[in-house]
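Content type compact mmCIF, C-alpha atoms, from the file upload-v5.txt:
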```
# COMPACT_ATOMS: atom_id res chain seq x y z
CA MET A 1 -144.83 79.74 143.65
CA ARG A 2 -144.09 82.39 141.01
CA LEU A 3 -142.30 85.69 141.67
CA THR A 4 -141.13 88.65 139.65
CA LEU A 5 -137.63 89.63 140.72
CA GLN A 6 -135.75 92.86 140.09
CA ILE A 7 -132.12 92.11 139.21
CA GLU A 8 -129.93 94.54 141.14
CA ALA A 9 -126.41 93.44 140.17
CA THR A 10 -124.32 90.83 138.38
CA GLY A 11 -122.60 88.58 140.92
CA LYS A 12 -119.05 87.23 140.95
CA GLN A 13 -120.21 83.99 139.31
CA GLY A 14 -121.94 85.84 136.49
CA ASP A 15 -125.54 85.36 137.68
CA GLY A 16 -128.00 88.17 138.19
CA VAL A 17 -128.55 88.94 141.89
CA ALA A 18 -131.99 89.81 143.26
CA LEU A 19 -133.37 90.18 146.77
CA HIS A 20 -136.86 89.13 147.82
CA GLU A 21 -137.92 89.52 151.45
CA GLY A 22 -134.26 89.65 152.43
CA LYS A 23 -133.34 86.43 150.63
CA PRO A 24 -130.85 86.57 147.73
CA PHE A 25 -131.69 84.83 144.45
CA PHE A 26 -129.09 84.11 141.77
CA VAL A 27 -130.64 84.12 138.31
CA PRO A 28 -128.64 82.75 135.36
CA MET A 29 -128.42 84.89 132.21
CA ALA A 30 -129.83 87.99 133.94
CA LEU A 31 -128.08 91.37 134.10
CA ALA A 32 -128.47 94.34 136.42
CA GLY A 33 -131.67 96.20 135.55
CA ASP A 34 -133.48 93.13 134.21
CA LYS A 35 -136.61 91.62 135.64
CA ALA A 36 -137.03 87.87 135.97
CA SER A 37 -140.21 85.86 136.29
CA VAL A 38 -139.23 82.79 138.31
CA GLU A 39 -140.97 79.73 139.67
CA LEU A 40 -139.87 78.24 142.98
CA ASP A 41 -140.23 74.71 144.29
CA SER A 42 -141.38 73.91 147.84
CA HIS A 43 -137.82 74.49 149.13
CA GLY A 44 -137.54 77.93 147.57
CA ASN A 45 -135.21 76.85 144.74
CA LEU A 46 -135.53 78.15 141.18
CA VAL A 47 -137.13 75.62 138.84
CA SER A 48 -137.89 77.89 135.86
CA VAL A 49 -136.75 81.36 134.82
CA THR A 50 -137.99 83.82 132.21
CA ILE A 51 -135.78 86.87 131.72
CA LEU A 52 -137.36 90.21 130.91
CA PRO A 53 -134.28 91.99 129.47
CA THR A 54 -134.91 95.59 130.49
CA GLY A 55 -131.33 96.21 131.65
CA LYS A 56 -128.36 97.39 129.59
CA GLY A 57 -125.45 95.35 128.26
CA HIS A 58 -127.20 92.42 126.58
CA ALA A 59 -125.68 90.78 123.50
CA THR A 60 -126.79 88.01 121.17
CA PRO A 61 -124.67 84.90 121.95
CA GLU A 62 -122.69 83.86 118.91
CA CYS A 63 -122.21 80.16 119.79
CA GLU A 64 -124.91 77.58 119.08
CA HIS A 65 -123.91 75.66 122.23
CA PHE A 66 -124.49 78.60 124.61
CA PRO A 67 -125.72 78.47 127.37
CA GLN A 68 -125.73 74.66 127.68
CA CYS A 69 -121.95 74.42 127.33
CA GLY A 70 -120.06 75.26 130.51
CA GLY A 71 -117.05 76.57 128.59
CA CYS A 72 -118.64 80.04 128.43
CA LYS A 73 -120.94 81.74 130.88
CA MET A 74 -121.23 85.36 129.77
CA GLN A 75 -121.87 85.38 126.01
CA HIS A 76 -125.17 87.14 126.69
CA MET A 77 -123.16 90.21 127.77
CA GLU A 78 -121.73 92.93 125.54
CA LEU A 79 -117.94 92.99 125.74
CA SER A 80 -117.86 96.51 127.22
CA ALA A 81 -120.32 95.49 129.95
CA TYR A 82 -118.47 92.22 130.50
CA THR A 83 -115.14 94.03 130.88
CA ALA A 84 -116.61 96.56 133.31
CA TRP A 85 -118.22 93.77 135.37
CA LYS A 86 -114.97 91.79 135.57
CA HIS A 87 -113.00 94.89 136.62
CA HIS A 88 -115.63 95.74 139.24
CA PHE A 89 -115.61 92.36 140.99
CA VAL A 90 -111.78 92.32 141.16
CA VAL A 91 -111.71 95.84 142.63
CA ARG A 92 -114.45 94.97 145.11
CA GLN A 93 -112.78 91.80 146.37
CA LEU A 94 -109.42 93.53 146.75
CA GLN A 95 -111.09 96.29 148.77
CA GLU A 96 -112.93 93.75 150.92
CA ASN A 97 -109.52 92.30 151.78
CA GLY A 98 -108.00 95.66 152.66
CA LEU A 99 -105.97 95.83 149.44
CA GLU A 100 -106.40 99.36 148.15
CA THR A 101 -104.48 99.88 144.91
CA THR A 102 -104.70 100.87 141.26
CA VAL A 103 -106.49 98.16 139.24
CA ASN A 104 -105.89 98.39 135.51
CA GLN A 105 -108.61 97.59 132.99
CA PRO A 106 -108.74 93.93 131.87
CA ILE A 107 -106.67 92.82 128.88
CA LEU A 108 -108.91 90.43 126.94
CA SER A 109 -107.77 87.64 124.64
CA PRO A 110 -109.89 87.74 121.47
CA PRO A 111 -112.45 85.13 120.45
CA ARG A 112 -111.09 81.93 118.88
CA SER A 113 -107.65 82.41 120.41
CA ARG A 114 -107.47 79.69 123.08
CA ARG A 115 -104.71 77.27 122.10
CA ARG A 116 -105.10 74.89 125.04
CA ALA A 117 -108.18 72.94 126.12
CA THR A 118 -109.09 69.75 128.00
CA LEU A 119 -112.11 68.04 126.47
CA ALA A 120 -114.20 65.26 127.98
CA ALA A 121 -114.96 62.19 125.85
CA VAL A 122 -117.78 59.75 126.63
CA ARG A 123 -118.61 56.65 124.63
CA GLN A 124 -122.29 56.13 123.83
CA GLY A 125 -122.86 52.86 122.04
CA LYS A 126 -121.07 53.03 118.71
CA SER A 127 -120.45 56.77 118.89
CA ALA A 128 -118.73 59.22 121.23
CA LEU A 129 -119.51 62.63 122.69
CA LEU A 130 -116.60 65.08 122.77
CA GLY A 131 -116.62 68.54 124.32
CA PHE A 132 -116.93 70.54 127.53
CA ASN A 133 -119.26 69.70 130.38
CA GLN A 134 -122.64 71.35 130.57
CA ALA A 135 -122.97 74.21 133.04
CA ARG A 136 -123.47 72.84 136.57
CA SER A 137 -123.39 69.25 135.25
CA HIS A 138 -121.15 66.31 134.39
CA GLN A 139 -123.02 65.82 131.12
CA VAL A 140 -120.88 66.43 128.04
CA VAL A 141 -121.91 68.90 125.33
CA ASP A 142 -120.99 67.38 121.97
CA LEU A 143 -119.09 70.32 120.44
CA ARG A 144 -119.51 71.01 116.74
CA THR A 145 -118.12 74.53 116.88
CA CYS A 146 -116.59 76.84 119.49
CA SER A 147 -116.24 80.59 119.83
CA VAL A 148 -113.18 80.53 122.09
CA LEU A 149 -110.97 77.72 120.74
CA ARG A 150 -108.44 78.21 117.97
CA PRO A 151 -109.80 76.94 114.63
CA GLU A 152 -107.08 74.27 114.55
CA LEU A 153 -108.50 72.73 117.73
CA VAL A 154 -112.06 72.90 116.42
CA ALA A 155 -110.96 71.19 113.20
CA LEU A 156 -109.78 68.19 115.24
CA LEU A 157 -113.20 67.58 116.82
CA ARG A 158 -114.66 65.65 113.89
CA PRO A 159 -111.70 63.25 113.28
CA LEU A 160 -111.31 62.70 117.03
CA ARG A 161 -115.01 61.92 117.39
CA ALA A 162 -114.74 59.39 114.57
CA MET A 163 -111.68 57.68 116.07
CA LEU A 164 -112.75 57.52 119.71
CA PRO A 165 -115.44 54.77 119.65
CA ASP A 166 -112.86 52.20 118.50
CA TYR A 167 -110.18 53.49 120.86
CA MET A 168 -112.57 53.54 123.84
CA ALA A 169 -113.70 49.93 123.38
CA ASP A 170 -112.90 49.11 127.01
CA SER A 171 -113.46 52.53 128.55
CA LYS A 172 -116.52 54.75 128.86
CA GLN A 173 -114.86 58.09 129.64
CA LEU A 174 -111.54 59.90 129.32
CA ASP A 175 -110.14 63.40 128.82
CA ILE A 176 -108.20 64.73 125.87
CA ARG A 177 -105.85 67.67 126.37
CA LEU A 178 -104.97 69.59 123.23
CA THR A 179 -102.26 72.26 123.02
CA LEU A 180 -101.25 74.12 119.87
CA LEU A 181 -97.63 75.28 119.83
CA ASP A 182 -96.54 77.32 116.79
CA GLY A 183 -98.58 75.21 114.40
CA VAL A 184 -97.79 71.84 116.00
CA MET A 185 -100.53 70.03 117.94
CA ASP A 186 -99.69 68.23 121.18
CA MET A 187 -102.34 65.75 122.40
CA VAL A 188 -102.50 63.91 125.72
CA ILE A 189 -105.11 61.24 126.44
CA ILE A 190 -105.91 61.17 130.15
CA GLY A 191 -107.48 58.07 131.67
CA GLY A 192 -108.80 54.86 130.21
CA PRO A 193 -106.84 51.58 130.15
CA THR A 194 -103.14 51.46 129.38
CA PRO A 195 -102.88 51.48 125.58
CA GLU A 196 -101.95 48.05 124.19
CA MET A 197 -100.47 47.32 120.77
CA HIS A 198 -103.76 47.80 118.90
CA GLU A 199 -104.46 51.18 120.53
CA ARG A 200 -100.87 52.33 119.98
CA GLU A 201 -101.05 51.46 116.29
CA MET A 202 -104.39 53.26 116.05
CA LEU A 203 -102.98 56.40 117.67
CA GLY A 204 -99.92 56.32 115.40
CA ILE A 205 -102.13 56.18 112.31
CA PHE A 206 -104.38 58.91 113.69
CA ALA A 207 -101.39 61.18 114.42
CA GLU A 208 -100.26 60.80 110.81
CA ARG A 209 -103.70 61.39 109.26
CA ALA A 210 -104.59 64.33 111.52
CA ASN A 211 -101.06 65.82 111.35
CA ILE A 212 -100.62 65.78 115.15
CA GLY A 213 -97.07 66.38 116.33
CA ARG A 214 -97.25 64.16 119.40
CA ILE A 215 -99.78 61.92 121.12
CA SER A 216 -99.18 60.79 124.71
CA TRP A 217 -101.15 58.97 127.37
CA ARG A 218 -101.26 59.19 131.15
CA LYS A 219 -103.33 57.88 134.02
CA TRP A 220 -105.91 59.94 135.90
CA ASP A 221 -103.47 60.23 138.82
CA LYS A 222 -101.30 62.91 137.15
CA SER A 223 -98.38 60.54 136.69
CA PRO A 224 -95.95 61.47 133.87
CA ALA A 225 -97.37 61.17 130.37
CA GLU A 226 -95.96 58.47 128.09
CA PRO A 227 -95.38 59.44 124.44
CA ILE A 228 -97.14 57.04 122.06
CA ALA A 229 -96.55 58.74 118.70
CA HIS A 230 -93.98 61.53 118.31
CA ARG A 231 -93.77 62.83 114.73
CA LEU A 232 -92.66 66.46 115.06
CA PRO A 233 -90.73 68.65 117.51
CA VAL A 234 -93.08 70.16 120.08
CA ARG A 235 -91.57 73.46 121.19
CA ALA A 236 -92.53 76.69 122.88
CA HIS A 237 -90.69 79.82 121.74
CA PHE A 238 -90.07 82.73 124.12
CA GLU A 239 -88.21 86.02 123.84
CA TYR A 240 -84.93 84.60 125.17
CA GLY A 241 -85.12 80.87 124.52
CA THR A 242 -86.97 77.85 123.16
CA VAL A 243 -88.28 74.97 125.28
CA ASP A 244 -88.79 71.39 124.11
CA MET A 245 -92.14 70.85 125.79
CA PRO A 246 -92.72 67.79 127.98
CA PRO A 247 -95.93 65.92 127.06
CA GLY A 248 -98.88 67.91 128.37
CA GLY A 249 -96.59 70.61 129.76
CA PHE A 250 -98.34 73.75 130.98
CA LEU A 251 -98.60 76.64 128.55
CA GLN A 252 -100.63 79.83 128.95
CA ALA A 253 -104.09 79.43 127.43
CA THR A 254 -103.62 82.02 124.68
CA LYS A 255 -100.60 83.51 122.94
CA GLU A 256 -102.05 86.96 123.51
CA GLY A 257 -102.45 86.25 127.23
CA GLU A 258 -98.92 84.93 127.50
CA GLU A 259 -97.52 88.04 125.83
CA ALA A 260 -99.55 90.31 128.10
CA LEU A 261 -98.46 88.48 131.26
CA SER A 262 -94.82 88.32 130.19
CA GLY A 263 -94.79 91.98 129.21
CA LEU A 264 -96.21 93.03 132.57
CA VAL A 265 -93.76 90.85 134.49
CA ALA A 266 -90.76 92.04 132.47
CA ALA A 267 -91.77 95.68 132.94
CA ALA A 268 -92.24 95.18 136.69
CA VAL A 269 -88.87 93.45 137.10
CA GLY A 270 -87.19 96.19 135.10
CA ASN A 271 -83.42 96.27 135.44
CA ALA A 272 -83.28 94.25 138.67
CA ALA A 273 -79.77 92.80 138.76
CA SER A 274 -80.79 89.37 140.04
CA VAL A 275 -84.17 87.60 139.90
CA ALA A 276 -85.80 84.57 141.50
CA ASP A 277 -88.60 83.01 139.44
CA LEU A 278 -90.62 80.76 141.76
CA PHE A 279 -93.15 78.21 140.47
CA CYS A 280 -91.40 78.84 137.17
CA GLY A 281 -92.83 75.91 135.17
CA ILE A 282 -91.22 75.68 131.73
CA GLY A 283 -89.84 79.21 132.08
CA THR A 284 -92.56 81.45 130.66
CA PHE A 285 -91.23 84.41 132.65
CA ALA A 286 -87.61 83.31 133.09
CA LEU A 287 -87.28 83.33 129.29
CA ALA A 288 -89.20 86.60 128.90
CA ILE A 289 -86.78 88.80 130.85
CA SER A 290 -83.40 89.79 129.46
CA PRO A 291 -80.48 87.56 130.55
CA ARG A 292 -79.15 88.30 134.04
CA PRO A 293 -78.33 86.26 137.18
CA LEU A 294 -81.46 84.16 137.70
CA THR A 295 -82.68 81.30 139.87
CA ALA A 296 -85.77 79.42 138.67
CA VAL A 297 -87.53 76.92 140.95
CA ASP A 298 -90.44 74.53 140.48
CA GLY A 299 -91.59 71.15 141.78
CA ASP A 300 -92.42 69.77 138.31
CA GLY A 301 -89.38 67.68 137.40
CA ALA A 302 -90.23 67.42 133.70
CA ALA A 303 -90.69 71.18 133.39
CA ILE A 304 -87.42 71.85 135.22
CA LYS A 305 -85.48 69.47 132.97
CA ALA A 306 -86.96 71.17 129.90
CA LEU A 307 -85.99 74.61 131.22
CA GLN A 308 -82.48 73.41 132.10
CA ARG A 309 -82.00 72.31 128.48
CA ALA A 310 -83.42 75.60 127.19
CA MET A 311 -81.07 77.67 129.36
CA GLN A 312 -78.00 75.48 128.92
CA GLY A 313 -74.95 77.66 128.43
CA ARG A 314 -76.63 80.77 129.82
CA ALA A 315 -74.36 82.27 132.46
CA LYS A 316 -75.31 82.73 136.11
CA THR A 317 -78.47 80.66 136.09
CA ASN A 318 -79.60 78.14 138.66
CA ILE A 319 -82.56 75.91 137.71
CA VAL A 320 -83.78 73.93 140.71
CA GLU A 321 -86.41 71.24 141.27
CA ARG A 322 -88.00 71.89 144.66
CA ASN A 323 -91.52 71.62 146.06
CA LEU A 324 -92.16 75.18 147.15
CA ALA A 325 -95.41 74.32 148.93
CA ARG A 326 -93.53 72.04 151.33
CA GLU A 327 -90.09 73.64 151.18
CA PRO A 328 -90.33 77.32 150.25
CA LEU A 329 -87.23 79.40 149.72
CA THR A 330 -86.49 80.99 153.06
CA ALA A 331 -86.17 84.70 153.70
CA SER A 332 -82.40 84.33 154.07
CA GLU A 333 -82.21 82.51 150.71
CA LEU A 334 -84.26 85.27 149.07
CA ASN A 335 -82.40 88.24 150.53
CA GLY A 336 -79.75 88.21 147.79
CA PHE A 337 -82.26 88.87 145.01
CA LYS A 338 -83.34 92.26 143.73
CA ALA A 339 -86.70 90.96 142.47
CA VAL A 340 -88.86 87.89 142.99
CA ILE A 341 -91.53 86.57 140.62
CA PHE A 342 -93.96 83.94 141.88
CA ASP A 343 -96.71 82.27 139.85
CA PRO A 344 -98.23 79.46 141.93
CA PRO A 345 -101.06 77.04 141.10
CA ARG A 346 -104.66 77.91 141.94
CA ASP A 347 -104.17 77.22 145.67
CA GLY A 348 -101.64 80.02 145.87
CA ALA A 349 -98.35 80.16 147.75
CA LYS A 350 -99.09 80.73 151.42
CA ALA A 351 -95.85 79.26 152.79
CA GLN A 352 -93.72 80.96 150.16
CA ALA A 353 -95.52 84.30 150.56
CA GLN A 354 -94.79 84.21 154.29
CA GLU A 355 -91.08 83.80 153.57
CA ILE A 356 -91.10 86.57 150.97
CA ALA A 357 -92.90 88.82 153.46
CA SER A 358 -90.03 88.28 155.93
CA SER A 359 -87.33 88.95 153.34
CA LYS A 360 -85.55 92.10 152.21
CA VAL A 361 -86.30 91.71 148.50
CA PRO A 362 -87.11 95.23 147.21
CA LYS A 363 -89.56 94.19 144.48
CA VAL A 364 -92.05 91.32 144.24
CA VAL A 365 -94.25 90.39 141.25
CA ALA A 366 -97.14 88.05 142.06
CA VAL A 367 -98.91 86.27 139.19
CA SER A 368 -102.10 84.40 140.04
CA CYS A 369 -104.94 82.49 138.38
CA ASP A 370 -107.19 82.70 141.44
CA LEU A 371 -108.47 85.90 143.02
CA ASN A 372 -109.07 84.36 146.46
CA SER A 373 -105.58 82.94 146.89
CA PHE A 374 -104.07 86.13 145.42
CA CYS A 375 -105.81 88.19 148.12
CA ARG A 376 -104.62 85.86 150.88
CA ASP A 377 -101.01 85.93 149.69
CA ALA A 378 -101.11 89.69 149.04
CA LYS A 379 -102.31 90.31 152.59
CA LEU A 380 -99.35 88.30 153.90
CA LEU A 381 -96.96 90.46 151.87
CA GLN A 382 -98.73 93.62 152.99
CA ALA A 383 -98.46 92.54 156.63
CA GLY A 384 -94.73 92.11 156.08
CA GLY A 385 -94.37 95.72 154.95
CA TYR A 386 -94.84 95.46 151.20
CA LYS A 387 -97.09 97.92 149.37
CA LEU A 388 -99.28 96.69 146.52
CA LYS A 389 -98.50 99.25 143.81
CA GLU A 390 -100.89 98.05 141.10
CA VAL A 391 -102.85 95.06 139.83
CA SER A 392 -103.40 94.14 136.19
CA ILE A 393 -106.20 91.81 135.01
CA ILE A 394 -105.57 89.42 132.12
CA ASP A 395 -108.54 87.53 130.71
CA GLN A 396 -107.50 84.45 128.70
CA PHE A 397 -110.86 82.71 129.25
CA LEU A 398 -113.24 85.00 127.42
CA TRP A 399 -116.88 85.02 128.58
CA SER A 400 -116.00 83.22 131.82
CA THR A 401 -115.69 84.28 135.45
CA HIS A 402 -111.99 83.40 135.45
CA VAL A 403 -109.31 86.06 135.91
CA GLU A 404 -105.53 86.11 136.02
CA LEU A 405 -103.72 88.82 137.89
CA VAL A 406 -100.31 90.45 138.04
CA GLY A 407 -99.65 92.31 141.26
CA VAL A 408 -96.57 94.51 141.71
CA PHE A 409 -95.28 95.02 145.26
```

Translate this structure into structure tokens?
Amino acid sequence: MRLTLQIEATGKQGDGVALHEGKPFFVPMALAGDKASVELDSHGNLVSVTILPTGKGHATPECEHFPQCGGCKMQHMELSAYTAWKHHFVVRQLQENGLETTVNQPILSPPRSRRRATLAAVRQGKSALLGFNQARSHQVVDLRTCSVLRPELVALLRPLRAMLPDYMADSKQLDIRLTLLDGVMDMVIIGGPTPEMHEREMLGIFAERANIGRISWRKWDKSPAEPIAHRLPVRAHFEYGTVDMPPGGFLQATKEGEEALSGLVAAAVGNAASVADLFCGIGTFALAISPRPLTAVDGDGAAIKALQRAMQGRAKTNIVERNLAREPLTASELNGFKAVIFDPPRDGAKAQAQEIASSKVPKVVAVSCDLNSFCRDAKLLQAGGYKLKEVSIIDQFLWSTHVELVGVF
């Protein structure tokens, strides 16, 4: 069955949305105002799509891998239209959750600025595929270039692809996490068999030839990474301190995004005399605000140890390892602080938000990488009497549906 659909809007997942006889259809690569000629199977699912681009906001994708590669979804959109669309869906979801507030325009990281990426590697005979997964698939796109990654990461693709078939002799698939820190590359191999002497020697030689600062390995189960070759210091520099990064430690995806987030958090905290930084990680925000009495808490032991070393000798600081999902700081523990920052993982911080909502802390800054969990936690704070003053959108994953938010309460 073939239909011609009128695209009425761009949905939250970046697809064009059309209605036909009351049924919604989600059409990839279509924008509001377009028409789409589609063919349906016997179950009413799309099997082929031809876009008739009559709407506004189209752009010519600059990457040869688009749209097969799942790393980007919106390269067919002009940046101004893309920014307006991203702002609109954040505003709409906040409103749907009863969160009326000022929503600032998105701050976009530029193309070729992402300094952190996890790539999939699959062995195929005597060669290997290396890249991101295809959209809506587990198939790997063999990256030759990339419009979002830093050039230093792209330059590693060819030597990695040449090395992997020998390294993966006993394994068909693994992930490689690359992070660029002030010119030094940190690489973590995730999965595959435990490296034996031959693999360790191979990785040591590769680190030297490719000028990689550190190569580590860990299991799929998120156990601590084991350094295999460590040639150079791997450090993250912040406004008020430097952190020796644990292998594979979390760093914001772009330097520009990190600076935007840190600037917003520092401005929101202002001159608060004492601060709690919850889900602090390696101290991205703790080390971005001027020195003052501070308690930083996270469940990641390696990150906490790194932050303790970075803040050694700094007066009136308390760096604590504690699982805040299972054991949140209580309202009574929080009441002594003048400001609280919390930046939880994607699942949010329901238990901790409930305690903050019951506290007397005068200012709360919520940082989130997931709009759904942000809304849930914000509603808890609002129910406790807090007012959401403003929300800022930071886009470190250009041409994607991903957003990061800073909410000031």

Fill in: Contacts of Thr60 in chain A at 9 Å (only C-alpha atoms; same-chain gap of 6+ positions) as a list of chain:residue names
A:Gln75, A:His76, A:Met77, A:Glu78

Could you please give me, as a PDB file with C-alpha atoms, keeping the file's coordinate frame, the residues of protein, DNA or RNA lying at most 10 Å from (-119.0, 65.7, 130.7) in the coordinate frame of the file, considering only C-alpha atoms?
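Okay, part-v7.pdb is ready:
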```pdb
ATOM      1  CA  CYS A  69    -121.950  74.420 127.330  1.00  0.00           C
ATOM      2  CA  GLY A  70    -120.060  75.260 130.510  1.00  0.00           C
ATOM      3  CA  LEU A 119    -112.110  68.040 126.470  1.00  0.00           C
ATOM      4  CA  ALA A 120    -114.200  65.260 127.980  1.00  0.00           C
ATOM      5  CA  ALA A 121    -114.960  62.190 125.850  1.00  0.00           C
ATOM      6  CA  VAL A 122    -117.780  59.750 126.630  1.00  0.00           C
ATOM      7  CA  LEU A 129    -119.510  62.630 122.690  1.00  0.00           C
ATOM      8  CA  LEU A 130    -116.600  65.080 122.770  1.00  0.00           C
ATOM      9  CA  GLY A 131    -116.620  68.540 124.320  1.00  0.00           C
ATOM     10  CA  PHE A 132    -116.930  70.540 127.530  1.00  0.00           C
ATOM     11  CA  ASN A 133    -119.260  69.700 130.380  1.00  0.00           C
ATOM     12  CA  GLN A 134    -122.640  71.350 130.570  1.00  0.00           C
ATOM     13  CA  ALA A 135    -122.970  74.210 133.040  1.00  0.00           C
ATOM     14  CA  SER A 137    -123.390  69.250 135.250  1.00  0.00           C
ATOM     15  CA  HIS A 138    -121.150  66.310 134.390  1.00  0.00           C
ATOM     16  CA  GLN A 139    -123.020  65.820 131.120  1.00  0.00           C
ATOM     17  CA  VAL A 140    -120.880  66.430 128.040  1.00  0.00           C
ATOM     18  CA  VAL A 141    -121.910  68.900 125.330  1.00  0.00           C
ATOM     19  CA  ASP A 142    -120.990  67.380 121.970  1.00  0.00           C
ATOM     20  CA  GLN A 173    -114.860  58.090 129.640  1.00  0.00           C
ATOM     21  CA  LEU A 174    -111.540  59.900 129.320  1.00  0.00           C
ATOM     22  CA  ASP A 175    -110.140  63.400 128.820  1.00  0.00           C
TER      23      ASP A 175
END
```

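Closest to Ser109 in chain A among A:Val148, A:Val91, A:Leu232, A:Ile215 is A:Val148, based on all atoms listed in the file.
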
Excluding Ala9 in chain A and any residue of its chain fewer than 2 positions from it, enumerate the residues within 10 Å of it, using all atoms listed in the file, and give them as a PDB file with C-alpha atoms, keeping the file's coordinate frame.
```
ATOM      1  CA  GLN A   6    -135.750  92.860 140.090  1.00  0.00           C
ATOM      2  CA  ILE A   7    -132.120  92.110 139.210  1.00  0.00           C
ATOM      3  CA  GLY A  11    -122.600  88.580 140.920  1.00  0.00           C
ATOM      4  CA  LYS A  12    -119.050  87.230 140.950  1.00  0.00           C
ATOM      5  CA  GLY A  14    -121.940  85.840 136.490  1.00  0.00           C
ATOM      6  CA  ASP A  15    -125.540  85.360 137.680  1.00  0.00           C
ATOM      7  CA  GLY A  16    -128.000  88.170 138.190  1.00  0.00           C
ATOM      8  CA  VAL A  17    -128.550  88.940 141.890  1.00  0.00           C
ATOM      9  CA  ALA A  18    -131.990  89.810 143.260  1.00  0.00           C
ATOM     10  CA  PHE A  26    -129.090  84.110 141.770  1.00  0.00           C
ATOM     11  CA  ALA A  30    -129.830  87.990 133.940  1.00  0.00           C
ATOM     12  CA  LEU A  31    -128.080  91.370 134.100  1.00  0.00           C
ATOM     13  CA  ALA A  32    -128.470  94.340 136.420  1.00  0.00           C
ATOM     14  CA  GLY A  33    -131.670  96.200 135.550  1.00  0.00           C
ATOM     15  CA  ASP A  34    -133.480  93.130 134.210  1.00  0.00           C
ATOM     16  CA  TRP A  85    -118.220  93.770 135.370  1.00  0.00           C
TER      17      TRP A  85
END
```

Worksheet item: Which distance in Å separates CA of Asn104 in chain A and CA of Ala366 in chain A, to one decimal?
Response: 15.0 Å

For Glu321 in chain A, work out the shell of residues within 8 Å, counting all atoms listed in the file and skipping chain neighbours fewer than 3 positions away, then give it as a short mmCIF file (atom, residue, chain, number, x, y, z; two decimals) with C-alpha atoms, in the frame of the given file.
```cif
data_model
loop_
_atom_site.label_atom_id
_atom_site.label_comp_id
_atom_site.auth_asym_id
_atom_site.auth_seq_id
_atom_site.Cartn_x
_atom_site.Cartn_y
_atom_site.Cartn_z
CA VAL A 297 -87.53 76.92 140.95
CA ASP A 298 -90.44 74.53 140.48
CA GLY A 299 -91.59 71.15 141.78
CA ASP A 300 -92.42 69.77 138.31
CA GLY A 301 -89.38 67.68 137.40
CA ILE A 304 -87.42 71.85 135.22
#
```

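Here CA of Ala286 in chain A and CA of Met185 in chain A stand 23.9 Å from one another.
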
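Taking CA of Thr242 in chain A and CA of Gln396 in chain A as endpoints, the distance between them is 22.3 Å.
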
Worksheet item: Hey, which of A:Ala296, A:Leu149, A:Met1, A:Val188 ends up closest to Met311 in chain A? Count all atoms listed in the file.
Response: A:Ala296

Discussion item. Excluding range 276-281 of chain A and its own-chain neighbours fewer than 2 positions away, which residues fall within 6 Å of it when counting all atoms listed in the file? Please give them as JSON, numbers by chain.
Written reply: {"A": [283, 294, 295, 296, 297, 298, 303, 340, 341, 342, 343, 344]}

Discussion item. From (-137.9, 90.6, 133.0), in the file's coordinates, out to 6 Å: which residues are reached, counting all atoms listed in the file? Answer as a PyMOL selection string.
Written reply: chain A and resi 34-36+51-53

Those residues with C-alpha atoms, as a CSV table (one decimal), in the coordinates of the input please?
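Output file result.csv follows:
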```csv
chain,number,residue,atom,x,y,z
A,34,ASP,CA,-133.5,93.1,134.2
A,35,LYS,CA,-136.6,91.6,135.6
A,36,ALA,CA,-137.0,87.9,136.0
A,51,ILE,CA,-135.8,86.9,131.7
A,52,LEU,CA,-137.4,90.2,130.9
A,53,PRO,CA,-134.3,92.0,129.5
```

Provide an axis-aligned box for all listed atoms of range 220-223 of chain A, padding each side by 6 Å; report its centre and its edge lengths in Å to one decimal, as lines of an AutoDock Vina configuration file.
```
center_x = -102.1
center_y = 61.4
center_z = 137.4
size_x = 19.5
size_y = 15.0
size_z = 14.9
```

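Among the candidates A:Leu264, A:Pro233, A:Val275, A:Ala349, the one nearest to Asn323 in chain A when counting all atoms listed in the file is A:Ala349.
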
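Distance check against Leu108 in chain A using all atoms listed in the file: of A:Phe206, A:Phe250, A:Tyr82, A:Phe66, the minimum falls on A:Tyr82.
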
Item to complete: For Ala378 in chain A, please output as JSON, numbers by chain all residues within 9 Å (counting only C-alpha atoms; exclusion window: fewer than 6 positions along the same chain).
Response: {"A": [99, 353, 366, 386, 388, 407, 409]}

Taking C-alpha atoms for each residue, export the selection above as a PDB file, keeping the file's coordinate frame.
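So part-v9.pdb came out as:
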```pdb
ATOM      1  CA  LEU A  99    -105.970  95.830 149.440  1.00  0.00           C
ATOM      2  CA  ALA A 353     -95.520  84.300 150.560  1.00  0.00           C
ATOM      3  CA  ALA A 366     -97.140  88.050 142.060  1.00  0.00           C
ATOM      4  CA  TYR A 386     -94.840  95.460 151.200  1.00  0.00           C
ATOM      5  CA  LEU A 388     -99.280  96.690 146.520  1.00  0.00           C
ATOM      6  CA  GLY A 407     -99.650  92.310 141.260  1.00  0.00           C
ATOM      7  CA  PHE A 409     -95.280  95.020 145.260  1.00  0.00           C
TER       8      PHE A 409
END
```

Worksheet, complete the sentence: Using all atoms listed in the file, the best pick from A:Phe89, A:Phe397, A:Tyr167, A:Tyr240 as closest to Glu201 in chain A would be A:Tyr167

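You can rank A:Thr284, A:Thr118, A:Thr401, A:Ser113 by their closest distance to Gly248 in chain A using all atoms listed in the file, and at the top of that list sits A:Thr118.
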